[in-house]
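Q: Handing over structure-v3.txt, compact mmCIF, C-alpha atoms.
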```txt
# COMPACT_ATOMS: atom_id res chain seq x y z
CA MET V 129 113.26 120.00 56.98
CA ILE V 130 112.21 122.09 59.99
CA ARG V 131 108.79 120.47 59.92
CA LYS V 132 110.35 117.02 59.92
CA TRP V 133 112.53 117.93 62.89
CA SER V 134 109.54 119.37 64.74
CA ALA V 135 107.49 116.25 64.09
CA SER V 136 110.38 114.08 65.29
CA ILE V 137 110.72 116.10 68.50
CA VAL V 138 106.98 115.84 69.16
CA ARG V 139 107.00 112.06 68.60
CA ALA V 140 110.03 111.71 70.89
CA GLY V 141 108.34 113.75 73.60
CA ARG V 142 105.23 111.61 73.39
CA SER V 143 107.34 108.47 73.57
CA VAL V 144 109.14 109.71 76.68
CA ARG V 145 105.91 110.68 78.38
CA GLY V 146 104.33 107.35 77.53
CA SER V 147 107.20 105.31 78.98
CA SER V 148 108.04 107.56 81.92
CA ALA V 149 107.95 106.50 85.55
CA PRO V 150 106.56 109.52 87.42
CA VAL V 151 106.75 107.95 90.88
CA THR V 152 110.40 107.02 90.45
CA TYR V 153 111.31 110.48 89.20
CA SER V 154 109.24 112.14 91.93
CA LEU V 155 111.01 110.09 94.61
CA ILE V 156 114.37 111.14 93.19
CA ALA V 157 113.30 114.79 93.10
CA LEU V 158 111.93 114.64 96.65
CA CYS V 159 115.09 113.05 98.08
CA CYS V 160 117.24 115.63 96.32
CA ALA V 161 115.07 118.51 97.55
CA VAL V 162 115.13 117.25 101.14
CA PHE V 163 118.90 116.85 101.01
CA LEU V 164 119.52 120.31 99.55
CA ALA V 165 117.25 121.96 102.12
CA GLY V 166 118.75 120.08 105.06
CA PRO V 167 122.13 120.43 106.76
CA GLY V 168 123.65 117.38 105.07
CA SER V 169 124.34 119.23 101.83
CA GLY V 170 126.14 122.08 103.58
CA LEU V 171 124.46 124.54 101.20
CA ASN V 172 121.75 125.92 103.46
CA PRO V 173 123.17 128.97 105.29
CA ALA V 174 120.49 128.66 107.97
CA TYR V 175 122.46 125.83 109.58
CA GLY V 176 125.68 127.80 109.87
CA THR V 177 129.17 126.47 109.30
CA GLY V 178 131.88 124.57 111.16
CA ASP V 179 130.86 123.19 114.54
CA ASP V 180 127.39 124.71 114.26
CA LEU V 181 126.79 122.82 111.02
CA LEU V 182 128.03 119.54 112.50
CA ALA V 183 125.76 119.97 115.50
CA ALA V 184 122.81 120.74 113.22
CA GLN V 185 123.52 117.63 111.17
CA ARG V 186 123.59 115.40 114.24
CA ALA V 187 120.34 116.85 115.54
CA TYR V 188 118.71 116.57 112.11
CA PHE V 189 119.64 112.91 111.67
CA ARG V 190 118.45 112.05 115.17
CA ARG V 191 115.13 113.75 114.57
CA TRP V 192 114.32 112.22 111.17
CA GLY V 193 116.43 109.05 111.21
CA VAL V 194 115.87 105.70 112.86
CA ILE V 195 117.42 105.23 116.30
CA PRO V 196 116.93 101.53 117.12
CA ALA V 197 117.15 102.01 120.88
CA GLU V 198 114.25 104.47 120.74
CA LEU V 199 112.15 102.86 118.00
CA PHE V 200 110.48 100.24 120.14
CA GLU V 201 109.67 102.51 123.09
CA GLY V 202 106.14 102.99 121.77
CA SER V 203 106.14 106.69 120.90
CA ALA V 204 104.33 107.74 117.73
CA GLY V 205 107.22 109.93 116.64
CA SER V 206 109.74 107.09 116.75
CA ALA V 207 107.35 104.76 114.92
CA LEU V 208 107.30 107.15 111.96
CA THR V 209 111.07 107.44 111.62
CA PRO V 210 111.50 104.36 109.36
CA ALA V 211 109.34 106.24 106.84
CA THR V 212 110.95 109.67 107.22
CA ALA V 213 114.46 108.19 107.13
CA LEU V 214 113.82 106.97 103.57
CA PHE V 215 114.03 110.55 102.31
CA VAL V 216 117.07 111.69 104.32
CA HIS V 217 120.68 111.14 103.22
CA GLY V 218 123.92 111.73 105.04
CA SER V 219 126.20 112.98 102.27
CA TRP V 220 126.45 113.80 98.58
CA VAL V 221 127.92 110.38 97.81
CA HIS V 222 125.17 108.69 99.81
CA LEU V 223 122.46 110.61 97.93
CA LEU V 224 123.89 110.29 94.42
CA GLY V 225 124.66 106.59 94.79
CA ASN V 226 121.14 105.78 95.93
CA MET V 227 119.44 107.96 93.35
CA LEU V 228 121.48 106.48 90.53
CA PHE V 229 120.32 102.97 91.37
CA LEU V 230 116.73 104.11 91.85
CA TYR V 231 116.84 105.79 88.45
CA VAL V 232 118.29 102.71 86.72
CA PHE V 233 116.11 100.01 88.26
CA GLY V 234 113.06 101.92 89.48
CA ALA V 235 111.55 102.97 86.15
CA MET V 236 111.06 99.50 84.70
CA THR V 237 109.86 98.11 88.02
CA GLU V 238 107.33 100.92 88.34
CA GLU V 239 106.05 100.40 84.81
CA ARG V 240 105.54 96.71 85.57
CA MET V 241 103.82 97.27 88.93
CA GLY V 242 101.89 100.45 88.25
CA ARG V 243 102.21 103.78 90.01
CA VAL V 244 100.10 103.21 93.11
CA GLN V 245 101.36 99.70 93.76
CA PHE V 246 104.97 100.75 93.24
CA THR V 247 104.59 103.63 95.69
CA LEU V 248 103.16 101.36 98.39
CA PHE V 249 105.77 98.72 97.62
CA TYR V 250 108.66 101.20 97.86
CA VAL V 251 107.59 102.80 101.14
CA GLY V 252 106.39 99.57 102.72
CA CYS V 253 109.50 97.54 101.94
CA GLY V 254 111.75 100.45 102.88
CA TYR V 255 109.98 100.77 106.23
CA LEU V 256 110.25 97.05 106.94
CA ALA V 257 113.91 96.94 105.91
CA LEU V 258 114.82 99.64 108.43
CA LEU V 259 112.57 98.01 111.02
CA GLY V 260 114.36 94.70 110.51
CA TYR V 261 117.75 96.34 110.97
CA ALA V 262 116.56 98.11 114.12
CA ALA V 263 115.16 94.87 115.58
CA VAL V 264 118.53 93.12 115.23
CA ASN V 265 120.40 96.15 116.61
CA ALA V 266 117.86 97.15 119.23
CA ASP V 267 120.47 98.60 121.61
CA SER V 268 122.09 100.89 119.06
CA GLU V 269 121.94 104.65 119.63
CA GLN V 270 123.26 105.37 116.13
CA SER V 271 120.86 107.20 113.81
CA LEU V 272 120.12 105.50 110.50
CA VAL V 273 119.07 107.35 107.34
CA GLY V 274 118.80 106.56 103.65
CA ALA V 275 116.65 104.99 100.96
CA SER V 276 118.81 101.92 100.35
CA GLY V 277 116.44 99.52 102.07
CA ALA V 278 113.65 100.56 99.70
CA ILE V 279 115.98 100.63 96.69
CA SER V 280 117.27 97.16 97.58
CA ALA V 281 113.65 95.99 97.49
CA VAL V 282 113.39 97.46 94.00
CA LEU V 283 116.49 95.49 93.01
CA GLY V 284 114.98 92.31 94.41
CA ALA V 285 111.73 92.84 92.52
CA PHE V 286 113.66 93.72 89.36
CA LEU V 287 115.60 90.46 89.62
CA TYR V 288 112.38 88.44 89.69
CA LEU V 289 110.53 90.47 87.06
CA PHE V 290 113.41 90.87 84.60
CA PRO V 291 115.96 88.11 85.38
CA ARG V 292 117.35 88.02 81.84
CA ALA V 293 117.60 91.77 81.39
CA ARG V 294 121.07 92.70 80.19
CA VAL V 295 122.56 95.07 82.75
CA THR V 296 125.43 97.27 81.53
CA SER V 297 127.73 97.83 84.51
CA LEU V 298 130.90 99.77 85.19
CA LEU V 299 133.02 97.54 87.42
CA PRO V 300 135.94 99.16 89.31
CA PHE V 301 138.15 96.07 89.18
CA LEU V 302 137.85 96.11 85.36
CA PHE V 303 139.01 99.74 85.21
CA PHE V 304 135.39 100.88 84.79
CA LEU V 305 135.06 99.28 81.37
CA PRO V 306 131.37 98.76 80.48
CA VAL V 307 130.37 95.11 80.54
CA ARG V 308 126.95 93.51 80.08
CA PHE V 309 125.60 90.72 82.23
CA PRO V 310 122.08 89.41 82.79
CA ALA V 311 120.34 90.59 85.96
CA TRP V 312 120.34 87.05 87.36
CA ILE V 313 124.14 87.32 87.59
CA VAL V 314 124.60 90.96 88.58
CA LEU V 315 121.99 91.29 91.32
CA PRO V 316 122.68 88.01 93.19
CA PHE V 317 126.36 88.97 93.08
CA TRP V 318 125.44 92.31 94.66
CA ALA V 319 123.36 90.54 97.32
CA ALA V 320 126.28 88.23 98.09
CA LEU V 321 128.53 91.24 98.60
CA GLN V 322 126.00 92.71 101.04
CA TRP V 323 125.88 89.41 102.93
CA LEU V 324 129.66 89.25 103.25
CA ALA V 325 129.86 92.90 104.26
CA ALA V 326 127.11 92.45 106.85
CA GLY V 327 129.11 89.65 108.46
CA ARG V 328 132.10 91.96 108.89
CA ALA V 329 130.16 95.08 109.86
CA SER V 330 130.66 96.55 113.32
CA ASP V 331 128.28 98.52 115.47
CA GLY V 332 130.01 101.78 114.59
CA PRO V 333 129.13 104.31 111.89
CA GLY V 334 128.99 102.94 108.37
CA VAL V 335 126.58 101.15 106.08
CA ALA V 336 123.59 99.14 107.30
CA TYR V 337 124.10 96.12 105.05
CA LEU V 338 121.48 94.12 106.91
CA ALA V 339 118.82 96.61 105.81
CA HIS V 340 119.91 95.96 102.21
CA LEU V 341 119.49 92.22 102.61
CA VAL V 342 116.08 92.57 104.26
CA GLY V 343 114.88 94.93 101.55
CA PHE V 344 116.23 92.74 98.75
CA GLY V 345 114.53 89.65 100.18
CA LEU V 346 111.25 91.49 100.67
CA GLY V 347 111.30 92.83 97.12
CA PHE V 348 112.08 89.47 95.53
CA GLY V 349 109.56 87.66 97.72
CA TYR V 350 106.79 90.16 97.03
CA ALA V 351 107.32 90.04 93.28
CA SER V 352 107.40 86.23 93.25
CA VAL V 353 104.08 86.05 95.12
CA ARG V 354 102.35 88.92 93.36
CA TYR V 355 103.39 88.26 89.77
CA GLY V 356 103.57 85.29 87.48
CA ARG V 357 106.33 84.50 85.06
CA PRO V 358 109.18 86.99 84.67
CA THR V 359 109.06 89.50 81.83
CA SER V 360 110.98 88.98 78.58
CA PRO V 361 114.60 90.21 78.53
CA THR V 362 115.60 93.79 77.84
CA ARG V 363 118.66 95.99 78.18
CA VAL V 364 119.45 98.18 81.14
CA LYS V 365 122.33 100.58 81.67
CA ALA V 366 123.46 100.40 85.26
CA PRO V 367 126.35 101.39 87.52
CA ALA V 368 128.52 98.93 89.37
CA PRO V 369 126.42 96.57 91.54
CA ALA V 370 127.19 98.23 94.87
CA PRO V 371 124.78 101.08 95.76
CA GLU V 372 125.54 103.39 98.64
CA GLY V 373 123.85 102.10 101.77
CA GLU V 374 121.95 103.60 104.61
CA ASN V 375 124.27 105.94 106.42
CA GLN V 376 124.80 105.85 110.14
CA PRO V 377 125.92 109.47 110.56
```
Written as structure tokens, that's how I'd like the structure from this file.

A:
Amino acid sequence: MIRKWSASIVRAGRSVRGSSAPVTYSLIALCCAVFLAGPGSGLNPAYGTGDDLLAAQRAYFRRWGVIPAELFEGSAGSALTPATALFVHGSWVHLLGNMLFLYVFGAMTEERMGRVQFTLFYVGCGYLALLGYAAVNADSEQSLVGASGAISAVLGAFLYLFPRARVTSLLPFLFFLPVRFPAWIVLPFWAALQWLAAGRASDGPGVAYLAHLVGFGLGFGYASVRYGRPTSPTRVKAPAPAPEGENQP
């Protein structure tokens, strides 16, 4: 009996390794590590507490986040911020919401694209999504951080690659009962919500919905050009179709 259990565990381990998505999991680990080490988590004693912590958070977000008014001034440091901002998050809810969606939709997308291509796709689309937001809000002094632009690109690519995948979602207005819909229903519905929210968004702190829309369009467009027919349907467990967006701390 013990031998059978051992053999089963070994086969399961090999199966997990064979179907794993190392880039997706590495991105999740990196974002979590950056958040825990930075002032946003509130766990690093080096940043102090109270007003000192708040001041450290503001300085941290301005250093590593995108500030549209400074992005197009031509400095090398500002030009890099759309890349560094992808790994910085403003709060626990911001981090966990983004990482949950990356975990759900990133693995299958990575397996379809391949590790190197997925890495370039993730960073490139995330950079362009933040750049697009900054171009539209070029006068804004508000810092922008978060991986949602890149994750929205993953959602867009997932929609094209796996349109008939059955996505299990927990919808708040249905008392969080699990329901299953194909991706071609869930993800366009999510994009529509982002569009409506972007139309009502103000210039103040909040969520950069426009970055979501840019990322989603880039991801879908890239996948449609790069790949042929969508992949056969599968099943995916997912949260409600409303990931936490880029924060404007």

Q: Smallest atom-to-atom distance to Thr237 of chain V: which of V:Gly254, V:Gly193, V:Gly166, V:Pro150, using all atoms listed in the file?

A: V:Pro150

Q: My list of candidates is V:Leu341, V:Ala187, V:Ile313, V:Ala285. Which is closest to Phe246 of chain V when distances are computed with only C-alpha atoms?

A: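 Going through V:Leu341, V:Ala187, V:Ile313, V:Ala285 one by one, the smallest distance to Phe246 of chain V is for V:Ala285.
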
Q: Can you work out which one of V:Ala311, V:Leu181, V:Val295, V:Ile279 has the shortest atom-to-atom distance to Phe229 of chain V, counting only C-alpha atoms?

A: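 Of V:Ala311, V:Leu181, V:Val295, V:Ile279, the one nearest Phe229 of chain V, counting only C-alpha atoms, is V:Ile279.
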
Q: Would you mind reading off the distance between atom CA of Asp179 of chain V and atom CA of Pro167 of chain V, one decimal, in Å?

A: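 Taking atom CA of Asp179 of chain V as the start and atom CA of Pro167 of chain V as the end point, the length is 12.0 Å.
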
Q: Have a look at atom CA of Leu164 of chain V and atom CA of Arg190 of chain V and let me know their distance in Å, one decimal.

A: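 Between atom CA of Leu164 of chain V and atom CA of Arg190 of chain V the gap is 17.7 Å.
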
Q: Quick one: distance from atom CA of Arg292 of chain V to atom CA of Glu238 of chain V in Å, one decimal?

A: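 Separation of atom CA of Arg292 of chain V and atom CA of Glu238 of chain V: 17.6 Å.
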
Q: Using all atoms listed in the file, can you tell me which of V:Ala197, V:Ala293, V:Leu230, V:Leu208 comes closest to Ala263 of chain V?

A: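 Checking each candidate against Ala263 of chain V, we get V:Ala197 as the closest.
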
Q: Set the distance at 10 Å and use all atoms listed in the file: which residues neighbour Gly168 of chain V once local chain neighbours fewer than 4 positions away are removed? I'd like the list as an mmCIF file with C-alpha atoms, keeping the file's coordinate frame.

A:
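Wrote around-v4.cif, looks like this:
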```
data_model
loop_
_atom_site.group_PDB
_atom_site.id
_atom_site.type_symbol
_atom_site.label_atom_id
_atom_site.label_comp_id
_atom_site.auth_asym_id
_atom_site.auth_seq_id
_atom_site.Cartn_x
_atom_site.Cartn_y
_atom_site.Cartn_z
ATOM 1 C CA VAL V 162 115.130 117.250 101.140
ATOM 2 C CA PHE V 163 118.900 116.850 101.010
ATOM 3 C CA LEU V 164 119.520 120.310 99.550
ATOM 4 C CA ASN V 172 121.750 125.920 103.460
ATOM 5 C CA TYR V 175 122.460 125.830 109.580
ATOM 6 C CA LEU V 181 126.790 122.820 111.020
ATOM 7 C CA LEU V 182 128.030 119.540 112.500
ATOM 8 C CA ALA V 184 122.810 120.740 113.220
ATOM 9 C CA GLN V 185 123.520 117.630 111.170
ATOM 10 C CA ARG V 186 123.590 115.400 114.240
ATOM 11 C CA TYR V 188 118.710 116.570 112.110
ATOM 12 C CA PHE V 189 119.640 112.910 111.670
ATOM 13 C CA VAL V 216 117.070 111.690 104.320
ATOM 14 C CA HIS V 217 120.680 111.140 103.220
ATOM 15 C CA GLY V 218 123.920 111.730 105.040
ATOM 16 C CA SER V 219 126.200 112.980 102.270
ATOM 17 C CA TRP V 220 126.450 113.800 98.580
ATOM 18 C CA LEU V 223 122.460 110.610 97.930
ATOM 19 C CA PRO V 377 125.920 109.470 110.560
#
```

Q: Would you give the centre and edge lengths, in Å to one decimal, of a box along x, y and z around the listed atoms of segment 210-220 of chain V, with 5 Å added to each side, as lines of an AutoDock Vina configuration file?

A:
```
center_x = 117.9
center_y = 109.1
center_z = 104.0
size_x = 27.1
size_y = 19.4
size_z = 20.8
```

Q: Excluding segment 347-351 of chain V and any residue of its chain fewer than 4 positions from it, enumerate the residues within 10 Å of it, using all atoms listed in the file, and give them as a list in words.

A: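 Once the adjacent positions are removed, what remains is Thr237, Met241, Phe249, Tyr250, Cys253, Gly254, Gly277, Ala278, Ile279, Ser280, Ala281, Val282, Leu283, Gly284, Ala285, Phe286, Leu287, Tyr288, Leu289, Leu341, Val342, Gly343, Tyr355, Gly356, Arg357 and Pro358 of chain V.
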
Q: Complete segment 224-254 of chain V with N, CA and C atoms (output as a short mmCIF file (atom, residue, chain, number, x, y, z; two decimals), keeping the file's coordinate frame).

A:
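selection-v8.cif was written with the following content:
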```cif
data_model
loop_
_atom_site.label_atom_id
_atom_site.label_comp_id
_atom_site.auth_asym_id
_atom_site.auth_seq_id
_atom_site.Cartn_x
_atom_site.Cartn_y
_atom_site.Cartn_z
N LEU V 224 123.72 110.54 95.84
CA LEU V 224 123.89 110.29 94.42
C LEU V 224 123.96 108.79 94.12
N GLY V 225 124.61 108.03 95.00
CA GLY V 225 124.66 106.59 94.79
C GLY V 225 123.28 105.96 94.83
N ASN V 226 122.49 106.33 95.83
CA ASN V 226 121.14 105.78 95.93
C ASN V 226 120.25 106.20 94.77
N MET V 227 120.31 107.47 94.41
CA MET V 227 119.44 107.96 93.35
C MET V 227 119.80 107.38 92.00
N LEU V 228 121.07 107.10 91.79
CA LEU V 228 121.48 106.48 90.53
C LEU V 228 120.86 105.10 90.38
N PHE V 229 120.90 104.31 91.44
CA PHE V 229 120.32 102.97 91.37
C PHE V 229 118.80 103.03 91.28
N LEU V 230 118.19 103.97 91.96
CA LEU V 230 116.73 104.11 91.85
C LEU V 230 116.34 104.49 90.44
N TYR V 231 117.11 105.37 89.82
CA TYR V 231 116.84 105.79 88.45
C TYR V 231 116.98 104.62 87.47
N VAL V 232 118.02 103.80 87.65
CA VAL V 232 118.29 102.71 86.72
C VAL V 232 117.25 101.61 86.84
N PHE V 233 116.96 101.18 88.06
CA PHE V 233 116.11 100.01 88.26
C PHE V 233 114.66 100.35 88.61
N GLY V 234 114.41 101.59 89.04
CA GLY V 234 113.06 101.92 89.48
C GLY V 234 112.06 102.08 88.35
N ALA V 235 112.49 102.66 87.22
CA ALA V 235 111.55 102.97 86.15
C ALA V 235 110.87 101.73 85.60
N MET V 236 111.64 100.72 85.25
CA MET V 236 111.06 99.50 84.70
C MET V 236 110.20 98.76 85.72
N THR V 237 110.64 98.77 86.97
CA THR V 237 109.86 98.11 88.02
C THR V 237 108.54 98.83 88.22
N GLU V 238 108.57 100.16 88.19
CA GLU V 238 107.33 100.92 88.34
C GLU V 238 106.38 100.67 87.18
N GLU V 239 106.90 100.65 85.97
CA GLU V 239 106.05 100.40 84.81
C GLU V 239 105.39 99.03 84.88
N ARG V 240 106.10 98.07 85.44
CA ARG V 240 105.54 96.71 85.57
C ARG V 240 104.48 96.66 86.67
N MET V 241 104.74 97.34 87.79
CA MET V 241 103.82 97.27 88.93
C MET V 241 102.65 98.23 88.80
N GLY V 242 102.89 99.39 88.22
CA GLY V 242 101.89 100.45 88.25
C GLY V 242 102.24 101.47 89.32
N ARG V 243 101.78 102.68 89.15
CA ARG V 243 102.21 103.78 90.01
C ARG V 243 101.83 103.60 91.46
N VAL V 244 100.56 103.31 91.72
CA VAL V 244 100.10 103.21 93.11
C VAL V 244 100.77 102.04 93.82
N GLN V 245 100.77 100.89 93.15
CA GLN V 245 101.36 99.70 93.76
C GLN V 245 102.86 99.89 94.00
N PHE V 246 103.53 100.52 93.06
CA PHE V 246 104.97 100.75 93.24
C PHE V 246 105.24 101.67 94.41
N THR V 247 104.43 102.70 94.57
CA THR V 247 104.59 103.63 95.69
C THR V 247 104.45 102.90 97.03
N LEU V 248 103.38 102.11 97.16
CA LEU V 248 103.16 101.36 98.39
C LEU V 248 104.27 100.33 98.62
N PHE V 249 104.69 99.70 97.54
CA PHE V 249 105.77 98.72 97.62
C PHE V 249 107.07 99.37 98.10
N TYR V 250 107.42 100.50 97.54
CA TYR V 250 108.66 101.20 97.86
C TYR V 250 108.67 101.63 99.33
N VAL V 251 107.64 102.31 99.76
CA VAL V 251 107.59 102.80 101.14
C VAL V 251 107.47 101.65 102.13
N GLY V 252 106.60 100.68 101.80
CA GLY V 252 106.39 99.57 102.72
C GLY V 252 107.64 98.72 102.92
N CYS V 253 108.30 98.36 101.83
CA CYS V 253 109.50 97.54 101.94
C CYS V 253 110.64 98.34 102.58
N GLY V 254 110.74 99.63 102.25
CA GLY V 254 111.75 100.45 102.88
C GLY V 254 111.55 100.55 104.38
#
```
